[in-house]
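Student: Below is one structure. I have some questions about it.
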Amino acid sequence: MRLKNEKMPKGYAIMWGIFTAAYAIWMTFFMNKIVLIKYATEGSRTVDEMVDGVLAPVTHTDITGMIGREWLYPVWVVVSVICMALFAVYIKKYLYSPVGKGAKAFSLIALVFGCAFITWYGFLKDPTIYTASMIGLDFPWEFRGWGVFSTLAVFTNVMLMYNKFDYKNRLGVISGSVGCAALFITINVPSFGEELVLTSLRCMSHWVGALVFAFAAAAPVVMFLFSMAFKRKNKKFIVVFFAFSAILAAMLVLLVAIGKDGLIENLPMWAVYVVLFLINYTSIFDEKKAPEKEKIAA
């Protein structure tokens, strides 16, 4: 674990400054009318879904959670902008500073709550049929919470993990940052349901954001496990690396063979939470320090 403060590269603060500013501009000057007007129309609320094994149009009452409460939009913009701005703070606090008991408690609470929240959220509707984004058509505010809590839990704990093992990988930090920023796009652009119109900007934005998050947020964990397993030659990490890789591979196979559903979607998420918990909050993977050589008397 890092024992003293280190200077954080300015590039990380600049990167998150750009992400946050771009998001604020996008939400303030572009998405406001789309969310409050376009997504509130009947056409935007009716999507094709599987009903008793048949694809049929289903009308959702309010896919934004703001119909009749438009004042919630600016509140959400401010809250979500603040959430994004804090990611640069997380890098400094968890990667370039000694992690105190308070910070470690915060990241542990975030991890446990985040795992509990995505599990609870995933069962708001039948997870063998509905993905997280499809559930969000009926539970838009819970979907926003799913995105905020997922990024907070995973990012802070990945930074803590890097700190704990003095693992420095800028690509991992950048990849995790891009993934978390991308999810803020997804949670602000509702799903189209089962009917995927790939020529639609709405559909492309939603799925690109989700896919970038899935791969970019997992990449820092994979990089870390690979380094611990094969560069530091830690046998325990070798087992975890192959187990985690197998889970990711299984998810891809299931997606192709069965199709997307909530359980398949959550499989790698649950795996990430378990791996981060075991690495950060147990001594299972702690590296043993070599005993100091006794001084030979002259």
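Residues are referred to by chain and number: the chain letter is A, B, ... according to the order shown in the structure tokens, the number counts from 1 in that chain, and ligands are numbered separately from 1 in the order shown.
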Counting only C-alpha atoms, what are the residues of stretch 76-168 of chain A within 7 Å of stretch 55-71 of chain A, and for each of them which pair of atoms is the nearest and at what distance in Å, to one decimal? Sort the table by chain and rising number, as JSON lines.
Tutor:
```
{"residue": "A:Leu137", "atom": "CA", "partner": "A:Ile63", "partner_atom": "CA", "distance": 4.8}
{"residue": "A:Asp138", "atom": "CA", "partner": "A:Ile63", "partner_atom": "CA", "distance": 6.1}
{"residue": "A:Pro140", "atom": "CA", "partner": "A:Thr64", "partner_atom": "CA", "distance": 5.6}
{"residue": "A:Trp141", "atom": "CA", "partner": "A:Gly65", "partner_atom": "CA", "distance": 6.4}
```
Student: Neighbours of stretch 228-233 of chain A within 12 Å (only C-alpha atoms; same-chain residues fewer than 3 positions away dropped), as a CSV table (one decimal) with C-alpha atoms, in the first residue's frame?
Tutor:
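New file selection.csv:
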```csv
chain,number,residue,atom,x,y,z
A,161,MET,CA,-6.4,-2.5,-5.9
A,162,TYR,CA,-3.7,-0.8,-8.0
A,165,PHE,CA,-0.1,-3.8,-4.9
A,166,ASP,CA,1.8,-0.7,-6.1
A,167,TYR,CA,0.7,-1.5,-9.7
A,168,LYS,CA,1.2,1.4,-12.1
A,221,VAL,CA,-9.0,-5.7,-13.9
A,222,VAL,CA,-7.7,-8.1,-16.6
A,223,MET,CA,-4.5,-6.1,-17.0
A,224,PHE,CA,-3.9,-6.3,-13.3
A,225,LEU,CA,-4.6,-10.0,-13.0
A,236,LYS,CA,-3.2,-17.5,-6.7
A,237,PHE,CA,-3.5,-14.7,-9.2
A,238,ILE,CA,-3.0,-17.3,-12.0
A,239,VAL,CA,-6.0,-19.2,-10.8
A,240,VAL,CA,-8.1,-16.0,-10.6
A,241,PHE,CA,-7.0,-14.7,-14.0
A,242,PHE,CA,-8.1,-17.9,-15.8
A,279,ILE,CA,-8.2,-8.7,-3.3
A,285,PHE,CA,-3.7,-12.3,-2.1
A,286,ASP,CA,-1.5,-10.2,0.1
A,287,GLU,CA,2.2,-10.5,-0.9
```
Student: Could you write out, as an NGL selection string, all the residues of stretch 28-232 of chain A that DSSP marks as strand (DSSP E)?
Tutor: :A and (46-51 or 54-59)
Student: When distances are computed from only C-alpha atoms, which of A:Ser97, A:Asn234, A:Thr28, A:Asn5 shows the smallest separation from A:Asn163?
Tutor: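 Distance minimum relative to A:Asn163 lands on A:Ser97.
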Student: Within stretch 37-136 of chain A, find each residue whose DSSP state, derived from the backbone, is helix (DSSP H, G or I), and express the selection as a PyMOL selection string.
Tutor: chain A and resi 37-38+42-45+72-95+101-122+132-135
Student: How would the residues just chosen look if you wrote them out with C-alpha atoms as a compact mmCIF listing (two decimals), in the first residue's frame?
Tutor:
```txt
# COMPACT_ATOMS: atom_id res chain seq x y z
CA ILE A 37 -40.17 16.39 -25.19
CA LYS A 38 -39.14 13.60 -27.58
CA GLU A 42 -46.20 8.07 -27.15
CA GLY A 43 -43.98 6.90 -30.01
CA SER A 44 -40.89 6.91 -27.81
CA ARG A 45 -42.66 5.02 -25.07
CA LEU A 72 -36.01 17.01 -12.03
CA TYR A 73 -33.98 17.28 -15.23
CA PRO A 74 -31.72 20.17 -14.17
CA VAL A 75 -31.36 18.57 -10.73
CA TRP A 76 -30.20 15.33 -12.35
CA VAL A 77 -27.80 17.19 -14.63
CA VAL A 78 -26.15 18.93 -11.68
CA VAL A 79 -25.96 15.72 -9.61
CA SER A 80 -24.56 13.62 -12.46
CA VAL A 81 -22.00 16.30 -13.41
CA ILE A 82 -20.77 16.35 -9.79
CA CYS A 83 -20.57 12.54 -9.83
CA MET A 84 -18.38 12.65 -12.93
CA ALA A 85 -16.16 15.44 -11.58
CA LEU A 86 -15.35 13.29 -8.53
CA PHE A 87 -13.60 10.61 -10.57
CA ALA A 88 -10.42 12.68 -10.78
CA VAL A 89 -10.58 12.94 -6.98
CA TYR A 90 -10.89 9.14 -6.73
CA ILE A 91 -7.70 8.70 -8.76
CA LYS A 92 -5.81 11.05 -6.48
CA LYS A 93 -7.29 9.65 -3.28
CA TYR A 94 -7.06 5.95 -4.04
CA LEU A 95 -4.08 5.68 -6.35
CA LYS A 101 -9.57 3.92 7.20
CA GLY A 102 -12.26 6.37 6.13
CA ALA A 103 -11.46 6.11 2.42
CA LYS A 104 -11.21 2.33 2.62
CA ALA A 105 -14.53 2.14 4.44
CA PHE A 106 -16.11 4.32 1.74
CA SER A 107 -14.86 2.08 -1.08
CA LEU A 108 -15.99 -1.06 0.80
CA ILE A 109 -19.47 0.38 1.35
CA ALA A 110 -19.60 1.40 -2.31
CA LEU A 111 -18.64 -2.12 -3.38
CA VAL A 112 -21.11 -3.95 -1.12
CA PHE A 113 -23.95 -1.51 -1.82
CA GLY A 114 -23.18 -1.49 -5.55
CA CYS A 115 -23.34 -5.28 -5.75
CA ALA A 116 -26.55 -5.40 -3.71
CA PHE A 117 -28.12 -2.64 -5.82
CA ILE A 118 -27.40 -4.17 -9.25
CA THR A 119 -28.68 -7.54 -7.96
CA TRP A 120 -31.89 -6.02 -6.59
CA TYR A 121 -32.34 -3.92 -9.71
CA GLY A 122 -31.80 -6.90 -12.01
CA ALA A 132 -30.72 -3.73 -17.22
CA SER A 133 -31.50 -1.19 -19.94
CA MET A 134 -34.89 -2.76 -20.71
CA ILE A 135 -35.80 -2.72 -17.01
```
Student: Against stretch 19-22 of chain A, which residues of stretch 114-227 of chain A fall within 10 Å? For each one I want the closest pair of atoms and the distance in Å (one decimal), counting only C-alpha atoms, rows by chain and increasing residue number, as CSV.
Tutor:
```
residue,atom,partner,partner_atom,distance
A:Ser177,CA,A:Phe19,CA,9.2
A:Val178,CA,A:Phe19,CA,8.6
A:Ala181,CA,A:Phe19,CA,6.8
A:Ala182,CA,A:Phe19,CA,9.3
```
Student: Could you take the residues named above and write them with N, CA and C atoms, as a PDB file, in the first residue's frame?
Tutor:
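To be explicit, this is the file written out as part-v9.pdb:
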```
ATOM      1  N   SER A 177     -11.443   4.870 -16.874  1.00  0.00           N
ATOM      2  CA  SER A 177     -12.064   6.196 -16.921  1.00  0.00           C
ATOM      3  C   SER A 177     -12.990   6.321 -18.132  1.00  0.00           C
ATOM      4  N   VAL A 178     -12.512   5.876 -19.288  1.00  0.00           N
ATOM      5  CA  VAL A 178     -13.328   5.932 -20.505  1.00  0.00           C
ATOM      6  C   VAL A 178     -14.581   5.085 -20.347  1.00  0.00           C
ATOM      7  N   ALA A 181     -17.078   6.861 -17.971  1.00  0.00           N
ATOM      8  CA  ALA A 181     -17.674   8.031 -18.632  1.00  0.00           C
ATOM      9  C   ALA A 181     -18.703   7.594 -19.668  1.00  0.00           C
ATOM     10  N   ALA A 182     -18.418   6.493 -20.369  1.00  0.00           N
ATOM     11  CA  ALA A 182     -19.327   6.012 -21.412  1.00  0.00           C
ATOM     12  C   ALA A 182     -20.673   5.581 -20.838  1.00  0.00           C
TER      13      ALA A 182
END
```
Student: Using only C-alpha atoms, which residue out of A:Arg202, A:Thr282, A:Ser227, A:Trp270 lies closest to A:Phe244?
Tutor: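 Closest candidate: A:Trp270.
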Student: Pick out the residues sitting within 10 Å of A:Ala250, and hand them over as a ChimeraX atom specification; count only C-alpha atoms, and ignore anything fewer than 6 positions along from it in its own chain.
Tutor: /A:244,256,264,267-268
Student: Could you write out the selected residues, including N, CA and C atoms, as a short mmCIF file (atom, residue, chain, number, x, y, z; two decimals), in the first residue's frame?
Tutor:
```
data_model
loop_
_atom_site.label_atom_id
_atom_site.label_comp_id
_atom_site.auth_asym_id
_atom_site.auth_seq_id
_atom_site.Cartn_x
_atom_site.Cartn_y
_atom_site.Cartn_z
N PHE A 244 -11.53 -15.72 -14.09
CA PHE A 244 -12.21 -14.51 -14.55
C PHE A 244 -12.31 -14.50 -16.07
N VAL A 256 -24.16 -15.35 -27.65
CA VAL A 256 -24.32 -15.84 -29.02
C VAL A 256 -25.32 -16.99 -29.08
N ILE A 264 -27.18 -13.14 -17.80
CA ILE A 264 -25.93 -13.19 -18.57
C ILE A 264 -25.20 -11.86 -18.46
N LEU A 267 -23.48 -11.51 -15.02
CA LEU A 267 -22.48 -12.51 -14.68
C LEU A 267 -21.08 -11.90 -14.50
N PRO A 268 -20.55 -11.14 -15.48
CA PRO A 268 -19.22 -10.54 -15.28
C PRO A 268 -19.20 -9.46 -14.21
#
```
